[in-house]
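Below is one structure, written out as structure tokens, with a few remarks after it.
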Amino acid sequence: MVVAGILCVLSGGVAAKDLTVLTAEWPPYVIEEDGKTSGIATEIVQVMLEKAGIETQIEVYPFARAYKMASENPNKMLYPVIRMPLREPLFKWVGPIFRIKSVLHKLKKRTDIVLNSLDDAKKYRINTTRKAAGHEFLLKHGFEDQKNLEAVNSNELSVKRLFAGRVDLEASVDLNFMYVAKQLGFSYSDVEQALVLFESEVCVVFSHSTHDETVNRVREAFEQSKADGTVDAVIEKYLKMYQYQEKCD
């Protein structure tokens with residue numbers, strides 16, 4: 001377990017023992033470096049918790065583990081979580097804090113791969129991150145693990161396998177894919193979007209046993225952060241930092 005991102009305490013705050021904040025590395029939304037957590041979603045959440053007067057730490061786990069902890073255990077907060085119908089009844093939701101687009105990428109040199117529909121992708125090998133939204137989406141639409149899906153534990157490994165030619169397609173959020181490819185030394189100009197899977201909201205979620213007062217305090221803090229321009233400023237800062245404006249429009 002990696003623990004990072006100690007937040008300030010405000011008077012009247014919720015004690016750290018009452019709420020555990022969970023996340024998973026998902027750059028540039030959640031970036032973990034040298035024991036510190038940053039990124040678009042992390043900075044937004046840090047502001048929300050500070051405004052809500054909540055003192056806690058951010059605990060970083062693989063997404064599948066963090067997701068299981070938040071859905072099965074009391075007093076857990078998890079971010080960022082892509083909103084999907086099958087996830088809706090599992091949590092209490094706050095947001096959306098931003099929106100994403102999930103896509104299938106392919107190497108440009110693979111001119112043999114042409115996708116006109118989702119069914120067309122079923123004849124290819126697809127890499128994705130285990131329990132991520134793209135993985136759940138594909139399973140729901142008839143794809144099968146160990147048949148046309150190869151789920152791994154990290155975005156980095158999933159992207160590496162595409163560039164190495166070990167799979168035909170890779171399913172992930174576009175901005176995340178761009179960031180990871182660049183960090184691994186690959187050129188995004190060598191790939192292209194083969195098919196858009198879906199677009200969705202990204203939220204903060206709480207386990208159902210979390211007290212409504214806590215959830216509402218965080219929700220109100222988010223609305224304040226949105227109204228005063230903090231949320232948009234954080235997103236814009238990272239888009240400029242990684243020069244993704246044109247790609248993400």
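Simple scheme: letters A, B, ... for chains in structure tokens order, numbers from 1 for residues in each chain, numbers from 1 for ligands in the order shown.
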Determine, for each residue of stretch 163-217 of chain A having at least one atom at most 12 Å from an atom of stretch 45-57 of chain A, the closest pair of atoms and their separation in Å to one decimal, counting only C-alpha atoms; order by chain and ascending number, as JSON lines.
```
{"residue": "A:Cys203", "atom": "CA", "partner": "A:Val45", "partner_atom": "CA", "distance": 10.1}
{"residue": "A:Val204", "atom": "CA", "partner": "A:Val45", "partner_atom": "CA", "distance": 8.2}
{"residue": "A:Val205", "atom": "CA", "partner": "A:Val45", "partner_atom": "CA", "distance": 11.3}
{"residue": "A:Glu213", "atom": "CA", "partner": "A:Ala52", "partner_atom": "CA", "distance": 10.7}
{"residue": "A:Thr214", "atom": "CA", "partner": "A:Ala52", "partner_atom": "CA", "distance": 8.5}
{"residue": "A:Val215", "atom": "CA", "partner": "A:Ala52", "partner_atom": "CA", "distance": 9.6}
{"residue": "A:Asn216", "atom": "CA", "partner": "A:Ala52", "partner_atom": "CA", "distance": 9.2}
{"residue": "A:Arg217", "atom": "CA", "partner": "A:Ala52", "partner_atom": "CA", "distance": 5.5}
```
_Env of stretch 114-128 of chain A: 8 Å cut, atoms = only C-alpha atoms, seq-sep filter 5 positions within chain, self excluded. Answer as an MDAnalysis selection string._
chainID A and resid 134:135 143 147:152 155 158:159 161:162 167:172 194:195 197
*Using the chain letters and numbers from this document, which residues of chain A does DSSP assign to strand (DSSP E or B), as JSON, numbers by chain?*
{"A": [2, 3, 4, 14, 20, 21, 22, 23, 26, 30, 31, 32, 33, 36, 37, 38, 54, 58, 59, 60, 76, 77, 78, 79, 80, 81, 82, 92, 93, 94, 95, 96, 97, 98, 99, 100, 101, 102, 103, 104, 105, 106, 107, 126, 127, 128, 129, 145, 149, 150, 151, 152, 169, 170, 171, 172, 173, 191, 192, 193, 194, 195, 196, 197, 198, 199, 200, 201, 202, 203, 204, 205, 206]}
Atoms kept (C-alpha atoms) for selection, written as a short mmCIF file (atom, residue, chain, number, x, y, z; two decimals), in the first residue's frame:
```
data_model
loop_
_atom_site.label_atom_id
_atom_site.label_comp_id
_atom_site.auth_asym_id
_atom_site.auth_seq_id
_atom_site.Cartn_x
_atom_site.Cartn_y
_atom_site.Cartn_z
CA VAL A 2 1.26 3.44 -0.91
CA VAL A 3 0.04 6.39 1.13
CA ALA A 4 0.30 9.92 -0.20
CA VAL A 14 -14.34 14.78 9.70
CA THR A 20 -10.65 6.47 3.85
CA VAL A 21 -9.90 8.02 0.46
CA LEU A 22 -8.84 5.53 -2.21
CA THR A 23 -7.50 6.00 -5.71
CA TRP A 26 -4.34 6.75 -13.83
CA VAL A 30 -3.90 10.41 -10.89
CA ILE A 31 -0.09 10.52 -10.94
CA GLU A 32 2.07 8.96 -8.24
CA GLU A 33 5.72 10.03 -8.07
CA LYS A 36 3.32 11.99 -3.71
CA THR A 37 0.01 11.95 -5.54
CA SER A 38 -0.95 14.61 -8.10
CA ILE A 54 -11.99 16.61 5.92
CA ILE A 58 -5.04 9.30 -0.08
CA GLU A 59 -4.25 5.59 -0.39
CA VAL A 60 -3.16 4.33 -3.81
CA LYS A 76 -14.67 4.56 1.73
CA MET A 77 -14.34 7.29 -0.88
CA LEU A 78 -12.94 6.39 -4.31
CA TYR A 79 -11.89 8.61 -7.19
CA PRO A 80 -11.91 8.93 -10.15
CA VAL A 81 -14.67 6.54 -11.23
CA ILE A 82 -16.22 6.46 -14.70
CA LYS A 92 -23.18 7.17 -3.65
CA TRP A 93 -22.06 9.56 -6.40
CA VAL A 94 -20.63 13.10 -6.45
CA GLY A 95 -19.87 14.93 -9.69
CA PRO A 96 -19.23 14.76 -12.54
CA ILE A 97 -15.80 16.30 -12.02
CA PHE A 98 -14.99 15.95 -15.75
CA ARG A 99 -15.84 13.83 -18.83
CA ILE A 100 -13.81 11.24 -20.73
CA LYS A 101 -13.85 9.34 -24.02
CA SER A 102 -12.94 5.64 -24.10
CA VAL A 103 -11.55 4.38 -27.39
CA LEU A 104 -9.90 1.46 -29.13
CA HIS A 105 -6.43 2.38 -30.44
CA LYS A 106 -4.49 0.57 -33.14
CA LEU A 107 -1.07 1.03 -34.70
CA ILE A 126 -7.71 -6.41 -27.32
CA ASN A 127 -5.66 -5.30 -24.32
CA THR A 128 -7.21 -3.33 -21.49
CA THR A 129 -6.77 -2.68 -17.77
CA ASP A 145 -11.45 -12.70 -21.24
CA LEU A 149 -9.76 -9.73 -24.31
CA GLU A 150 -6.45 -9.67 -22.44
CA ALA A 151 -6.82 -7.74 -19.19
CA VAL A 152 -3.70 -6.64 -17.29
CA LEU A 169 -6.12 -3.14 -30.23
CA GLU A 170 -5.93 -1.37 -26.88
CA ALA A 171 -8.93 -0.02 -24.94
CA SER A 172 -8.44 3.01 -22.70
CA VAL A 173 -9.36 6.65 -22.20
CA VAL A 191 -1.30 5.12 -33.47
CA GLU A 192 -4.83 6.13 -34.32
CA GLN A 193 -8.30 5.73 -32.90
CA ALA A 194 -9.93 2.68 -34.44
CA LEU A 195 -13.31 3.09 -32.71
CA VAL A 196 -14.88 5.20 -29.97
CA LEU A 197 -16.37 2.90 -27.32
CA PHE A 198 -18.25 5.47 -25.23
CA GLU A 199 -18.14 8.89 -23.60
CA SER A 200 -19.00 9.27 -19.95
CA GLU A 201 -18.86 11.31 -16.76
CA VAL A 202 -16.12 10.79 -14.18
CA CYS A 203 -17.10 11.12 -10.52
CA VAL A 204 -16.14 10.67 -6.91
CA VAL A 205 -17.97 7.79 -5.21
CA PHE A 206 -18.65 6.70 -1.64
#
```
*Rounded to one decimal place, report the atom CA of A:Phe163-atom CA of A:Lys131 distance in Å.*
21.6 Å
*Coordinates-based distance that separates atom CA of A:Pro27 from atom CA of A:Asp232 (Å, one decimal)*: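 Atom-to-atom, atom CA of A:Asp232 and atom CA of A:Pro27 are spaced 17.7 Å apart.
For the residues A:Leu138, A:Ala24, A:Ile40, A:Ala133, ranking by smallest atom-to-atom distance to A:Met241 using only C-alpha atoms places A:Ile40 first.
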*Residue among A:Tyr179, A:Tyr238, A:Tyr188, A:Tyr67 lying closest to A:Thr42, counting only C-alpha atoms*: A:Tyr238
*Mind pulling up the distance from atom CA of A:Glu136 to atom CA of A:Gly39?*
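Computed distance, atom CA of A:Gly39 to atom CA of A:Glu136, equals 24.0 Å.
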